[in-house]
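Quick look at target.txt (compact mmCIF, C-alpha atoms):
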# COMPACT_ATOMS: atom_id res chain seq x y z
CA MET A 182 5.16 -7.05 21.45
CA ARG A 183 4.27 -3.37 21.51
CA ASP A 184 7.15 -2.68 19.13
CA GLN A 185 5.95 -5.33 16.77
CA VAL A 186 2.42 -3.92 16.75
CA GLN A 187 3.87 -0.51 15.94
CA LYS A 188 5.81 -2.04 13.04
CA ILE A 189 2.65 -3.70 11.73
CA LEU A 190 0.75 -0.44 11.99
CA GLU A 191 3.53 1.38 10.16
CA MET A 192 3.26 -1.01 7.26
CA ALA A 193 -0.55 -1.02 7.32
CA ASP A 194 -0.62 2.79 7.21
CA ASP A 195 1.85 2.83 4.31
CA GLU A 196 -0.27 0.34 2.38
CA LEU A 197 -3.55 2.13 3.09
CA ILE A 198 -2.30 5.56 2.12
CA LEU A 199 -0.41 4.36 -0.95
CA GLY A 200 -3.43 2.32 -2.03
CA TRP A 201 -5.53 5.44 -1.70
CA ARG A 202 -3.07 7.57 -3.67
CA ASN A 203 -2.67 4.97 -6.40
CA SER A 204 -6.43 4.67 -6.72
CA GLU A 205 -6.49 8.35 -7.68
CA TRP A 206 -5.28 7.16 -11.10
CA THR A 207 -8.40 5.09 -11.67
CA GLY A 208 -10.03 6.34 -14.84
CA ILE A 209 -7.14 8.56 -15.89
CA ALA A 210 -4.09 6.26 -16.18
CA PRO A 211 -1.99 6.59 -19.37
CA LEU A 212 -3.84 3.75 -21.11
CA LEU A 213 -6.89 1.66 -20.41
CA GLU A 214 -4.97 -1.53 -19.65
CA GLU A 215 -2.75 0.36 -17.23
CA ASP A 216 -5.83 1.78 -15.59
CA VAL A 217 -7.02 -1.73 -14.79
CA ALA A 218 -3.58 -2.89 -13.66
CA PHE A 219 -2.78 0.08 -11.46
CA SER A 220 -6.25 0.13 -9.90
CA SER A 221 -5.84 -3.53 -9.11
CA ILE A 222 -2.51 -2.80 -7.41
CA ALA A 223 -4.19 -0.06 -5.38
CA GLN A 224 -6.88 -2.50 -4.35
CA ASN A 225 -4.30 -5.07 -3.31
CA GLU A 226 -2.48 -2.51 -1.15
CA ILE A 227 -5.68 -1.64 0.66
CA GLY A 228 -6.40 -5.35 1.10
CA HIS A 229 -2.96 -5.79 2.69
CA ALA A 230 -3.65 -2.83 4.95
CA ARG A 231 -6.89 -4.41 6.10
CA ALA A 232 -5.24 -7.75 6.91
CA LEU A 233 -2.45 -5.99 8.83
CA TYR A 234 -4.91 -3.78 10.74
CA GLU A 235 -6.87 -6.89 11.71
CA LEU A 236 -3.71 -8.49 13.05
CA ALA A 237 -2.70 -5.39 14.99
CA GLY A 238 -6.29 -4.87 16.11
CA ARG A 239 -6.38 -8.26 17.80
CA GLU A 240 -3.44 -7.18 19.98
CA LEU A 241 -4.90 -3.78 20.68
CA GLY A 242 -8.51 -4.83 21.15
CA VAL A 243 -9.89 -2.69 18.32
CA THR A 244 -11.26 -3.36 14.83
CA ALA A 245 -9.48 -2.84 11.51
CA ASP A 246 -11.89 -0.01 10.63
CA GLU A 247 -11.17 1.75 13.88
CA LEU A 248 -7.45 1.61 13.20
CA ALA A 249 -7.84 2.69 9.60
CA PHE A 250 -10.30 5.54 10.06
CA ASP A 251 -10.75 6.53 13.68
CA ARG A 252 -7.28 7.70 14.62
CA GLN A 253 -6.08 11.26 14.69
CA PRO A 254 -3.72 12.36 11.90
CA GLU A 255 -0.70 12.44 14.21
CA GLU A 256 -1.29 8.78 15.14
CA TYR A 257 -0.71 7.55 11.60
CA ARG A 258 2.79 6.22 11.05
CA CYS A 259 2.97 6.22 7.23
CA SER A 260 5.99 7.66 5.44
CA ARG A 261 5.91 11.00 3.66
CA LEU A 262 6.66 9.12 0.43
CA VAL A 263 3.17 7.59 0.31
CA GLU A 264 1.40 10.75 1.43
CA LEU A 265 2.18 12.86 -1.63
CA ARG A 266 -0.54 13.43 -4.18
CA LEU A 267 1.28 12.78 -7.46
CA VAL A 268 -1.57 12.84 -10.01
CA PRO A 269 -1.09 13.78 -12.87
CA ASP A 270 2.68 13.10 -12.80
CA TRP A 271 3.04 9.53 -14.07
CA ALA A 272 6.87 9.53 -13.99
CA ALA A 273 6.86 10.54 -10.31
CA THR A 274 4.16 7.96 -9.61
CA ILE A 275 6.35 5.26 -11.13
CA ALA A 276 9.37 6.54 -9.19
CA ARG A 277 7.42 6.25 -5.94
CA HIS A 278 6.02 2.85 -6.91
CA TYR A 279 9.54 1.61 -7.62
CA LEU A 280 11.10 3.03 -4.45
CA TYR A 281 8.22 1.79 -2.33
CA GLU A 282 8.25 -1.74 -3.69
CA GLN A 283 12.00 -2.01 -3.12
CA ALA A 284 11.72 -0.91 0.51
CA ASP A 285 8.57 -2.95 1.05
CA ALA A 286 10.27 -6.13 -0.21
CA GLU A 287 12.94 -5.82 2.50
CA ARG A 288 10.35 -5.22 5.17
CA ILE A 289 8.25 -8.19 4.07
CA ASP A 290 11.31 -10.44 3.98
CA ALA A 291 12.06 -9.55 7.58
CA LEU A 292 8.43 -10.19 8.63
CA LYS A 293 8.48 -13.59 6.91
CA GLN A 294 11.23 -14.58 9.37
CA SER A 295 9.15 -13.52 12.36
CA ASP A 296 8.66 -15.93 15.31
CA ASP A 297 5.02 -14.92 15.29
CA LEU A 298 3.64 -17.52 12.92
CA LYS A 299 0.49 -15.57 12.11
CA LEU A 300 2.53 -12.56 11.14
CA ALA A 301 5.04 -14.61 9.16
CA GLY A 302 2.17 -16.35 7.35
CA LEU A 303 0.47 -13.08 6.47
CA ALA A 304 3.78 -11.63 5.26
CA ALA A 305 4.24 -14.63 2.96
CA LYS A 306 0.74 -14.19 1.57
CA ILE A 307 1.26 -10.48 1.00
CA ASP A 308 4.60 -11.21 -0.64
CA ARG A 309 2.98 -13.41 -3.27
CA GLU A 310 0.87 -10.46 -4.41
CA GLU A 311 3.68 -7.97 -4.03
CA ALA A 312 5.73 -10.05 -6.45
CA TYR A 313 3.41 -8.81 -9.21
CA HIS A 314 3.66 -5.25 -7.96
CA ARG A 315 7.43 -5.48 -8.12
CA MET A 316 7.25 -6.90 -11.63
CA HIS A 317 4.96 -4.07 -12.64
CA ALA A 318 7.23 -1.43 -11.05
CA GLN A 319 10.30 -2.92 -12.72
CA MET A 320 8.57 -3.02 -16.09
CA TRP A 321 7.73 0.67 -15.93
CA PHE A 322 11.12 1.53 -14.50
CA ASP A 323 12.76 -0.13 -17.50
CA ARG A 324 10.29 1.47 -19.86
CA LEU A 325 10.93 4.99 -18.57
CA GLY A 326 14.62 4.19 -18.08
CA ASP A 327 16.19 7.18 -19.84
CA GLU A 328 13.38 9.61 -19.14
CA PRO A 329 14.92 12.53 -17.21
CA ARG A 330 11.67 13.14 -15.32
CA LEU A 331 11.96 9.67 -13.78
CA ALA A 332 15.53 10.25 -12.64
CA ALA A 333 14.58 13.63 -11.17
CA ALA A 334 11.60 12.15 -9.33
CA LEU A 335 13.68 9.28 -7.94
CA GLU A 336 16.21 11.78 -6.67
CA GLU A 337 13.52 13.88 -5.05
CA LEU A 338 11.52 11.06 -3.49
CA ARG A 339 14.27 8.74 -2.28
CA PRO A 340 14.85 10.60 1.03
CA LEU A 341 11.14 10.28 1.86
CA VAL A 342 10.96 6.47 1.77
CA ASP A 343 11.31 6.13 5.53
CA ALA A 344 10.58 9.72 6.60
CA ARG A 345 8.01 9.34 9.36
CA GLY A 346 6.60 11.29 12.24
CA GLU A 347 5.88 14.61 10.64
CA HIS A 348 3.12 14.57 8.06
CA THR A 349 2.81 16.53 4.84
CA PRO A 350 -0.06 19.03 4.42
CA GLU A 351 -1.32 16.71 1.68
CA PHE A 352 -1.76 13.95 4.23
CA LEU A 353 -4.00 16.16 6.35
CA GLU A 354 -6.23 16.78 3.34
CA LEU A 355 -6.33 13.07 2.61
CA TRP A 356 -7.14 12.29 6.24
CA GLU A 357 -10.09 14.69 6.07
CA GLU A 358 -11.38 12.99 2.95
CA MET A 359 -10.65 9.45 4.10
CA THR A 360 -12.28 9.73 7.50
CA SER A 361 -15.15 12.07 6.68
CA VAL A 362 -17.80 9.37 6.42
CA ARG A 363 -16.79 7.67 9.66
CA ARG A 364 -16.63 11.00 11.44
CA SER A 365 -20.07 12.00 10.23
CA LEU A 366 -21.66 8.76 11.38
CA ALA A 367 -20.17 7.44 14.60
CA GLY A 368 -19.71 3.68 14.68
CA ALA A 369 -20.57 3.20 11.03
CA THR A 370 -19.30 -0.01 9.49
CA TRP A 371 -19.30 -1.23 5.93
CA MET B 488 0.30 -3.83 -44.07
CA GLY B 489 0.97 -4.19 -40.39
CA ALA B 490 -1.35 -1.31 -39.64
CA PRO B 491 -3.99 -3.39 -37.88
CA SER B 492 -1.54 -4.44 -35.16
CA HIS B 493 -0.95 -0.88 -34.00
CA ALA B 494 -3.46 1.05 -31.99
CA GLY B 495 -3.29 4.78 -31.66
CA GLY B 496 0.41 4.66 -32.50
CA SER B 497 1.48 3.91 -28.91
CA GLY B 498 1.23 0.19 -28.37
CA LEU B 499 0.85 -3.16 -30.02
CA ILE B 500 -2.18 -5.35 -29.87
CA TYR B 501 -1.83 -8.75 -28.28
CA GLU B 502 -4.56 -11.34 -28.59
CA VAL B 503 -5.32 -13.23 -25.40
CA PHE B 504 -6.56 -16.82 -25.30
CA ARG B 505 -7.89 -18.26 -22.10
CA GLN B 506 -8.08 -21.80 -20.80
CA GLU B 507 -10.78 -22.16 -18.23
CA ARG B 508 -9.67 -25.47 -16.76
CA LYS B 509 -6.56 -27.55 -17.24
CA GLY B 510 -6.90 -29.81 -20.25
CA GLN B 511 -9.57 -27.71 -21.94
CA ALA B 512 -9.11 -25.95 -25.26
CA PHE B 513 -7.99 -22.33 -25.25
CA ALA B 514 -10.60 -19.87 -26.46
CA HIS B 515 -10.15 -16.29 -27.58
CA ALA B 516 -10.78 -14.01 -24.59
CA GLY B 517 -10.06 -10.58 -26.03
CA SER B 518 -7.07 -8.37 -26.65
CA VAL B 519 -4.81 -5.96 -24.78
CA GLU B 520 -2.80 -3.01 -25.99
CA ALA B 521 0.73 -2.91 -24.62
CA PRO B 522 4.13 -1.47 -25.54
CA ASN B 523 5.91 -4.84 -25.32
CA LYS B 524 5.40 -8.45 -24.34
CA GLU B 525 6.19 -7.95 -20.66
CA PHE B 526 3.45 -5.34 -20.39
CA ALA B 527 1.13 -7.49 -22.48
CA GLU B 528 1.59 -10.42 -20.10
CA ALA B 529 1.01 -8.24 -17.06
CA TYR B 530 -2.11 -6.68 -18.54
CA ALA B 531 -3.47 -10.02 -19.70
CA ARG B 532 -2.94 -11.40 -16.21
CA GLU B 533 -4.88 -8.49 -14.74
CA GLN B 534 -7.74 -8.62 -17.18
CA TYR B 535 -8.22 -12.31 -17.75
CA GLY B 536 -6.58 -14.12 -14.85
CA ARG B 537 -6.93 -12.19 -11.66
CA ARG B 538 -10.31 -13.52 -10.56
CA GLY B 539 -9.40 -17.18 -10.80
CA GLU B 540 -11.27 -17.45 -14.11
CA SER B 541 -8.37 -18.97 -16.05
CA ALA B 542 -6.05 -21.93 -15.62
CA ALA B 543 -3.67 -20.53 -18.25
CA LEU B 544 -3.42 -17.79 -20.86
CA TRP B 545 -1.81 -17.52 -24.28
CA VAL B 546 -0.67 -14.02 -25.14
CA VAL B 547 0.05 -13.67 -28.85
CA PRO B 548 1.09 -10.59 -30.86
CA ARG B 549 -1.72 -9.96 -33.32
CA GLU B 550 0.71 -10.00 -36.24
CA ALA B 551 1.64 -13.59 -35.35
CA VAL B 552 -1.93 -14.62 -36.05
CA HIS B 553 -2.48 -15.53 -39.69
CA GLU B 554 -6.01 -14.93 -40.71
CA ILE B 555 -7.49 -16.78 -43.64
CA ASP B 556 -10.87 -15.76 -44.91
CA ASP B 557 -10.89 -16.64 -48.62
CA PHE B 558 -12.66 -19.93 -49.06
CA ALA B 559 -13.42 -20.72 -52.68
CA ASP B 560 -16.58 -22.73 -53.18
CA GLU B 561 -17.62 -21.63 -56.64
CA LEU B 562 -19.48 -24.80 -57.56
CA GLN B 563 -21.51 -25.05 -54.33
CA LYS B 564 -20.07 -28.46 -53.49
CA ASN B 565 -22.24 -28.83 -50.46
CA TYR B 566 -21.25 -32.47 -50.09
CA HIS B 567 -17.98 -31.10 -48.63
CA ARG B 568 -19.84 -29.57 -45.79
CA VAL B 569 -21.43 -31.10 -42.76
CA ASP B 570 -24.77 -29.70 -43.83
CA GLY B 571 -24.42 -31.56 -47.16
CA TYR B 572 -26.23 -34.54 -45.71
CA PRO B 573 -29.86 -34.15 -44.64
CA LEU B 574 -29.18 -35.93 -41.36
CA LYS B 575 -32.02 -34.19 -39.65
CA GLU B 576 -34.60 -35.69 -41.99
CA LYS B 577 -33.11 -39.18 -41.70
CA LEU B 578 -33.15 -38.94 -37.94
CA GLY B 579 -36.73 -37.74 -37.98
CA ARG B 580 -37.79 -40.71 -40.07
CA ALA B 581 -35.96 -43.14 -37.79
CA ARG B 582 -37.70 -41.65 -34.75
CA GLU B 583 -41.08 -42.02 -36.42
CA LEU B 584 -40.40 -45.69 -37.09
CA VAL B 585 -39.40 -46.28 -33.50
CA ALA B 586 -42.50 -44.54 -32.23
CA LYS B 587 -44.78 -46.64 -34.43
CA SER B 588 -43.19 -49.92 -33.41
CA PRO B 589 -44.93 -51.71 -30.50
CA HIS B 590 -41.53 -52.83 -29.16
CA GLY B 591 -40.17 -49.32 -28.80
CA LEU B 592 -36.41 -49.11 -29.14
CA SER B 593 -35.93 -52.74 -30.09
CA ALA B 594 -37.77 -52.11 -33.36
CA GLY B 595 -35.99 -53.59 -36.33
CA ALA B 596 -33.40 -55.30 -34.11
CA GLY B 597 -34.42 -58.77 -35.27

Let's see the structure in the file written out as structure tokens.
Amino acid sequence: MRDQVQKILEMADDELILGWRNSEWTGIAPLLEEDVAFSSIAQNEIGHARALYELAGRELGVTADELAFDRQPEEYRCSRLVELRLVPDWAATIARHYLYEQADAERIDALKQSDDLKLAGLAAKIDREEAYHRMHAQMWFDRLGDEPRLAAALEELRPLVDARGEHTPEFLELWEEMTSVRRSLAGATW
Amino acid sequence: MGAPSHAGGSGLIYEVFRQERKGQAFAHAGSVEAPNKEFAEAYAREQYGRRGESAALWVVPREAVHEIDDFADELQKNYHRVDGYPLKEKLGRARELVAKSPHGLSAGAG
């Protein structure tokens, strides 16, 4: 059970941090339509994180907010791939999006087979939204196909997909930003 | 020629039509700029379908839409138009008659 909770937290942390990073494109994406689409993907990721935190929180006896914002940096289990701040490099952003969605699809498939029906059900729900994320990632991957910057970014980011444990300095900055409101006002909820 | 379908040189314009409920007519919702039809569909989905506001969308390249705006009516043949008949006046007169009649709506029935 403990192992499963850790797995859920790992995925929730990935989704929260990636959602946060992707949302950094809001207002400055390559074109207006993409701005809307990519912001919507970011919002979905954070929505998935919330649902997963709620599930894990029920096991651990804490709330989703507490899991998302009240832990110490070293307690987060996200991969270094999602931690990087890639604005304003769109090719690298697409490379990460593509690599992440591929890895995430495998993880979700495994969760859908879970004996825990609540978890399997949530995974299936998440998967229906992720299907659009995968389509979006594939579309951009095809579009940037022969762009050398994409190939270089894929090469550079691939080893980070499941690199966990040690955080990047960028994550520590993000943690500061992300948790500042909660830390300034103990017990705040929104 | 063709110029109106390109925006800023980067993408094409696709017109999006939205059906609110199954069976209803599609109405023009707006347009999206996209490099190809896959992107156009994705963007249309995001902008006009994500909040459950549409049962279906039509995504059409603007150049596939044939606009016609030259309607010759040199001789003012207003009998071709729905406003050619002063229906409003006729209706008004009929209402007056009904109101005057002591039998209300049955006026003139016999």

ask   = Using all atoms listed in the file, which chain B residues lie at most 7 Å away from chain A, written as a count of residues only?
value = 4

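With distances restricted to all atoms listed in the file, A:Asp308 is the closest residue to Glu287 of chain A from A:Ala249, A:Leu300, A:Arg261, A:Asp308.
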
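Residue nearest Glu525 of chain B, chosen from A:Ala272, A:Ala305, A:Ala318, A:Ile289 and counting all atoms listed in the file: A:Ala318.
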
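If you measure from each of A:Pro350, A:Gln187, A:Asp251, A:Ile227 to Val362 of chain A using only C-alpha atoms, the closest one turns out to be A:Asp251.
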
inquiry  = Could you list, as a PyMOL selection string, every residue within 7 Å of Arg345 of chain A, counting only C-alpha atoms and ignoring same-chain residues fewer than 2 positions away?
reply    = chain A and resi 258-261+343+347
